[in-house]
Amino acid sequence: MVPTVRRRSHRVHWRRSLASGAVTAVLVAGLGAVATAPAQALAGPVRADDGARITAEKKIASREVDVTIDSPALGKSVKTRILLPANWTRSAAATWPVLYAYHGGQDNYTSWTRNTDIEAWAAKYNVIVVMPEGDNGSYTDWYNYGKGGTPKWETFHTAEVRQLMERNYHAGALRAAIGNSSGGAGAMSYAARHPGLFKYAASLSGILSMRSIGMPAMLMFTNAGNGQDPFAIWGIPWADDANWAAHDPYTLAPKLRGTGLFFSAGTSGRPGPGDPDVAPWDIGLLSEIAVGANNKDFKKRLDELKIPYTAHIYGDGRHNWPAWVREAGSIWPTLMKSIGAKKA
């Protein structure tokens with residue numbers, strides 16, 4: 001990839017026992033290099049500020065675990081997948097840099113491990129990778145016709161998950177984010193809405209200008225197809241424009257100054273390397289044309305503001321994983337450098 005540059009796991013799980021309403025967590029074994037450590041009785045997972053808590057932990061691979069989070073922000077329990085570095089121990093006093101990887105719509109927290117080599121990428125660095133559930137890709141606290149309330153996905157990701165990772169898994173304050181499709185838009189929106197939260201934000205085929213011509217309709221059509229009320233998420237575009245603007249990376253671009261930025265998208269509407277041989281009217285091709293044009297708008301906005309970024313607005317490529325794997329693999333070393341993750 002030749003981007004254009006602008007200046008600039010061992011076994012772990014919680015066993016729960018209810019006694020006088022308290023949850024007692026017991027560490028049954030260590031992880032990776034500490035697998036031979038004796039079992040330890042712990043007071044239990046530390047909760048987030050709003051009471052969000054880890055209720056279960058399940059080993060997936062040698063340094064890979066899934067946790068179940070009881071989330072007040074969502075009003076339900078969902079899962080998050082975690083990759084832990086080889087030198088991680090539960091009893092460590094140190095912290096590790098952390099990368100948050102957000103998935104796209106119609107997918108879940110297993111998306112990144114199912115579709116990429118993220119385990120191998122992560123294993124080369126002393127870094128924690130957190131892949132939270134994102135439902136159908138609405139990376140926002142739902143507007144709900146001005147009433148607010150659940151689901152609050154932004155609160156879940158930026159407060160609950162972050163605090164639980166920092167308080168229970170030694171995730172540090174050096175953070176980066178990457179996402180594909182709506183997860184990419186979420187990464188960029190979160191970076192803008194919470195300046196300083198991430199050292200770097202990377203979007204792979206994310207919609208970065210939500211209010212551009214045709215984009216509200218595209219977003220609402222997509223969300224309606226997911227079985228969701230499209231007006232409940234950000235509101236009615238013309239009536240609730242202030243709320244749309246408050247979550248739009250293009251509008252919020254000045255708040256991205258000081259954060260490392262990467263974004264990429266295709267433009268030609270033709271299949272790229274590794275893509276399936278589909279008809280020209282395939283939705284994956286047509287949608288990427290719209291996303292590519294949208295990313296060009298965002299790029300122009302950053303140029304006008306003289307905000308540094310790295311962009312790869314390529315030609316051929318469908319809205320799917322073959323392109324995102326290439327883009328993620330290419331930007332991975334930059335993400336690691338941005339948070340000071342050392343080679344393992």
# chains A, B, ... in the order shown; residues from 1 in each chain; ligands from 1

call {"tool": "residues_around", "arguments": {"residues": "Met210 (chain A)", "least_positions_apart": "6", "cutoff": "8 Å", "atoms": "only C-alpha atoms", "output": "JSON list (two decimals) with N, CA and C atoms, in the first residue's frame"}}
result
[["chain", "number", "residue", "atom", "x", "y", "z"],
["A", 216, "PRO", "N", -27.33, 10.24, 5.44],
["A", 216, "PRO", "CA", -28.37, 9.90, 6.42],
["A", 216, "PRO", "C", -29.31, 8.82, 5.92],
["A", 244, "TRP", "N", -27.17, 14.79, 15.19],
["A", 244, "TRP", "CA", -26.36, 14.19, 14.13],
["A", 244, "TRP", "C", -25.00, 14.88, 14.07],
["A", 248, "ASP", "N", -20.85, 13.46, 14.31],
["A", 248, "ASP", "CA", -20.32, 13.40, 12.94],
["A", 248, "ASP", "C", -18.82, 13.74, 12.92],
["A", 249, "PRO", "N", -17.95, 12.79, 12.54],
["A", 249, "PRO", "CA", -16.51, 13.09, 12.51],
["A", 249, "PRO", "C", -16.17, 14.31, 11.66],
["A", 250, "TYR", "N", -16.86, 14.51, 10.55],
["A", 250, "TYR", "CA", -16.59, 15.67, 9.70],
["A", 250, "TYR", "C", -16.83, 16.96, 10.47]]

call {"tool": "select_by_dssp", "arguments": {"residues": "region 87-195 of chain A", "states": "strand (DSSP E or B)", "output": "list of chain:residue names"}}
result
A:Trp96, A:Pro97, A:Val98, A:Leu99, A:Tyr100, A:Ala101, A:Tyr102, A:Tyr125, A:Ile128, A:Val129, A:Val130, A:Met131, A:Pro132, A:Asp141, A:Lys152, A:Ala171, A:Gly172, A:Ala173, A:Leu174, A:Arg175, A:Ala176, A:Ala177, A:Ile178, A:Gly179, A:Asn180

call {"tool": "closest_residue", "arguments": {"among": "A:Pro72, A:Gly292, A:Gly137, A:Gly272", "to": "Val161 (chain A)", "atoms": "only C-alpha atoms"}}
result
A:Pro72

call {"tool": "closest_atom_pairs", "arguments": {"of": "region 81-126 of chain A", "to": "region 190-205 of chain A", "cutoff": "10 Å", "atoms": "only C-alpha atoms", "output": "Markdown table"}}
result
| residue | atom | partner | partner_atom | distance |
| --- | --- | --- | --- | --- |
| A:Val98 | CA | A:Phe198 | CA | 9.7 |
| A:Leu99 | CA | A:Phe198 | CA | 9.0 |
| A:Tyr100 | CA | A:Phe198 | CA | 9.4 |
| A:Ala101 | CA | A:Ala202 | CA | 9.5 |
| A:Tyr102 | CA | A:Ser203 | CA | 9.6 |
| A:Gly104 | CA | A:Ser205 | CA | 9.8 |

call {"tool": "residues_around", "arguments": {"residues": "region 119-122 of chain A", "least_positions_apart": "4", "cutoff": "8 Å", "atoms": "only C-alpha atoms", "output": "number ranges by chain"}}
result
A: 83, 85, 113, 126-129, 329, 332

call {"tool": "residues_around", "arguments": {"residues": "Trp153 (chain A)", "least_positions_apart": "3", "cutoff": "7 Å", "atoms": "only C-alpha atoms", "output": "ChimeraX atom specification"}}
result
/A:74,139-141,156-157

call {"tool": "write_last_selection", "arguments": {"atoms": "N, CA, C and O atoms", "output": "PDB file, in the first residue's frame"}}
result
ATOM      1  N   LEU A  74     -26.232  -0.641  28.694  1.00  0.00           N
ATOM      2  CA  LEU A  74     -26.961  -1.361  27.659  1.00  0.00           C
ATOM      3  C   LEU A  74     -28.248  -1.988  28.190  1.00  0.00           C
ATOM      4  O   LEU A  74     -29.129  -2.363  27.416  1.00  0.00           O
ATOM      5  N   TYR A 139     -22.550   3.070  17.059  1.00  0.00           N
ATOM      6  CA  TYR A 139     -21.567   3.482  18.063  1.00  0.00           C
ATOM      7  C   TYR A 139     -21.976   4.824  18.668  1.00  0.00           C
ATOM      8  O   TYR A 139     -21.316   5.840  18.484  1.00  0.00           O
ATOM      9  N   THR A 140     -23.077   4.789  19.409  1.00  0.00           N
ATOM     10  CA  THR A 140     -23.614   6.003  19.999  1.00  0.00           C
ATOM     11  C   THR A 140     -24.547   5.639  21.143  1.00  0.00           C
ATOM     12  O   THR A 140     -25.072   4.524  21.199  1.00  0.00           O
ATOM     13  N   ASP A 141     -24.758   6.576  22.049  1.00  0.00           N
ATOM     14  CA  ASP A 141     -25.845   6.452  23.015  1.00  0.00           C
ATOM     15  C   ASP A 141     -27.117   6.850  22.275  1.00  0.00           C
ATOM     16  O   ASP A 141     -27.230   7.979  21.780  1.00  0.00           O
ATOM     17  N   PHE A 156     -20.946   2.453  27.020  1.00  0.00           N
ATOM     18  CA  PHE A 156     -20.433   1.096  27.222  1.00  0.00           C
ATOM     19  C   PHE A 156     -18.975   1.005  26.793  1.00  0.00           C
ATOM     20  O   PHE A 156     -18.126   0.498  27.537  1.00  0.00           O
ATOM     21  N   HIS A 157     -18.651   1.513  25.604  1.00  0.00           N
ATOM     22  CA  HIS A 157     -17.296   1.375  25.077  1.00  0.00           C
ATOM     23  C   HIS A 157     -16.291   2.295  25.759  1.00  0.00           C
ATOM     24  O   HIS A 157     -15.198   1.862  26.135  1.00  0.00           O
TER      25      HIS A 157
END

call {"tool": "residues_around", "arguments": {"residues": "Ile313 (chain A)", "least_positions_apart": "6", "cutoff": "9 Å", "atoms": "only C-alpha atoms", "output": "list in words"}}
result
Pro3, Thr4, Phe263, Ser264, Ala265, Gly266, Thr267, Gly292, Asn295 and Lys296 of chain A

call {"tool": "write_last_selection", "arguments": {"atoms": "N, CA, C and O atoms", "output": "PDB file, in the first residue's frame"}}
result
ATOM      1  N   PRO A   3       0.230   4.831   0.860  1.00  0.00           N
ATOM      2  CA  PRO A   3      -0.735   5.821   1.330  1.00  0.00           C
ATOM      3  C   PRO A   3      -0.294   7.234   1.007  1.00  0.00           C
ATOM      4  O   PRO A   3       0.879   7.504   0.806  1.00  0.00           O
ATOM      5  N   THR A   4      -1.263   8.140   0.970  1.00  0.00           N
ATOM      6  CA  THR A   4      -0.926   9.548   0.876  1.00  0.00           C
ATOM      7  C   THR A   4      -0.801  10.065   2.295  1.00  0.00           C
ATOM      8  O   THR A   4      -1.635   9.784   3.134  1.00  0.00           O
ATOM      9  N   PHE A 263      -7.291   6.748   7.694  1.00  0.00           N
ATOM     10  CA  PHE A 263      -8.564   6.284   7.139  1.00  0.00           C
ATOM     11  C   PHE A 263      -8.335   5.810   5.716  1.00  0.00           C
ATOM     12  O   PHE A 263      -7.440   6.284   5.008  1.00  0.00           O
ATOM     13  N   SER A 264      -9.131   4.841   5.299  1.00  0.00           N
ATOM     14  CA  SER A 264      -8.975   4.249   3.975  1.00  0.00           C
ATOM     15  C   SER A 264     -10.333   3.809   3.458  1.00  0.00           C
ATOM     16  O   SER A 264     -11.253   3.520   4.229  1.00  0.00           O
ATOM     17  N   ALA A 265     -10.443   3.770   2.129  1.00  0.00           N
ATOM     18  CA  ALA A 265     -11.687   3.326   1.486  1.00  0.00           C
ATOM     19  C   ALA A 265     -11.442   3.169  -0.001  1.00  0.00           C
ATOM     20  O   ALA A 265     -10.536   3.776  -0.568  1.00  0.00           O
ATOM     21  N   GLY A 266     -12.277   2.351  -0.642  1.00  0.00           N
ATOM     22  CA  GLY A 266     -12.225   2.171  -2.086  1.00  0.00           C
ATOM     23  C   GLY A 266     -13.151   3.135  -2.787  1.00  0.00           C
ATOM     24  O   GLY A 266     -14.057   3.709  -2.178  1.00  0.00           O
ATOM     25  N   THR A 267     -12.942   3.310  -4.089  1.00  0.00           N
ATOM     26  CA  THR A 267     -13.721   4.313  -4.830  1.00  0.00           C
ATOM     27  C   THR A 267     -14.284   3.830  -6.158  1.00  0.00           C
ATOM     28  O   THR A 267     -15.222   4.427  -6.688  1.00  0.00           O
ATOM     29  N   GLY A 292     -16.220   5.648  -0.187  1.00  0.00           N
ATOM     30  CA  GLY A 292     -15.006   6.261  -0.715  1.00  0.00           C
ATOM     31  C   GLY A 292     -15.182   7.757  -0.952  1.00  0.00           C
ATOM     32  O   GLY A 292     -14.321   8.568  -0.589  1.00  0.00           O
ATOM     33  N   ASN A 295     -15.181   9.493   2.365  1.00  0.00           N
ATOM     34  CA  ASN A 295     -13.844   9.648   2.929  1.00  0.00           C
ATOM     35  C   ASN A 295     -13.077  10.770   2.239  1.00  0.00           C
ATOM     36  O   ASN A 295     -12.260  11.455   2.865  1.00  0.00           O
ATOM     37  N   LYS A 296     -13.339  10.979   0.953  1.00  0.00           N
ATOM     38  CA  LYS A 296     -12.721  12.111   0.252  1.00  0.00           C
ATOM     39  C   LYS A 296     -13.199  13.433   0.839  1.00  0.00           C
ATOM     40  O   LYS A 296     -12.417  14.383   0.978  1.00  0.00           O
TER      41      LYS A 296
END

call {"tool": "residues_around", "arguments": {"residues": "Gly317 (chain A)", "least_positions_apart": "6", "cutoff": "9 Å", "atoms": "only C-alpha atoms", "output": "ChimeraX atom specification"}}
result
/A:265-275,285,288,323

call {"tool": "atom_distance", "arguments": {"atom1": "CA of Ala344 (chain A)", "atom2": "CA of Thr259 (chain A)"}}
result
25.2 Å

call {"tool": "select_by_dssp", "arguments": {"residues": "region 201-246 of chain A", "states": "alpha helix (DSSP H)", "output": "PyMOL selection string"}}
result
chain A and resi 215-225+230-233+241-245

call {"tool": "decode", "arguments": {"residues": "region 257-278 of chain A", "atoms": "C-alpha atoms", "output": "PDB file, in the first residue's frame"}}
result
ATOM      1  CA  ARG A 257      -6.209  17.780  16.217  1.00  0.00           C
ATOM      2  CA  GLY A 258      -3.442  16.081  18.194  1.00  0.00           C
ATOM      3  CA  THR A 259      -4.738  12.549  17.569  1.00  0.00           C
ATOM      4  CA  GLY A 260      -2.982  10.368  14.995  1.00  0.00           C
ATOM      5  CA  LEU A 261      -5.414   9.622  12.171  1.00  0.00           C
ATOM      6  CA  PHE A 262      -5.656   6.984   9.459  1.00  0.00           C
ATOM      7  CA  PHE A 263      -8.564   6.284   7.139  1.00  0.00           C
ATOM      8  CA  SER A 264      -8.975   4.249   3.975  1.00  0.00           C
ATOM      9  CA  ALA A 265     -11.687   3.326   1.486  1.00  0.00           C
ATOM     10  CA  GLY A 266     -12.225   2.171  -2.086  1.00  0.00           C
ATOM     11  CA  THR A 267     -13.721   4.313  -4.830  1.00  0.00           C
ATOM     12  CA  SER A 268     -14.038   2.438  -8.128  1.00  0.00           C
ATOM     13  CA  GLY A 269     -16.896   0.029  -7.463  1.00  0.00           C
ATOM     14  CA  ARG A 270     -14.816  -2.846  -8.802  1.00  0.00           C
ATOM     15  CA  PRO A 271     -13.635  -5.926  -6.878  1.00  0.00           C
ATOM     16  CA  GLY A 272     -10.128  -5.756  -5.490  1.00  0.00           C
ATOM     17  CA  PRO A 273      -7.585  -8.501  -4.691  1.00  0.00           C
ATOM     18  CA  GLY A 274      -9.232 -11.358  -2.827  1.00  0.00           C
ATOM     19  CA  ASP A 275     -12.760 -10.051  -3.353  1.00  0.00           C
ATOM     20  CA  PRO A 276     -15.496 -12.355  -4.663  1.00  0.00           C
ATOM     21  CA  ASP A 277     -16.424 -12.113  -8.335  1.00  0.00           C
ATOM     22  CA  VAL A 278     -19.723 -10.276  -7.973  1.00  0.00           C
TER      23      VAL A 278
END
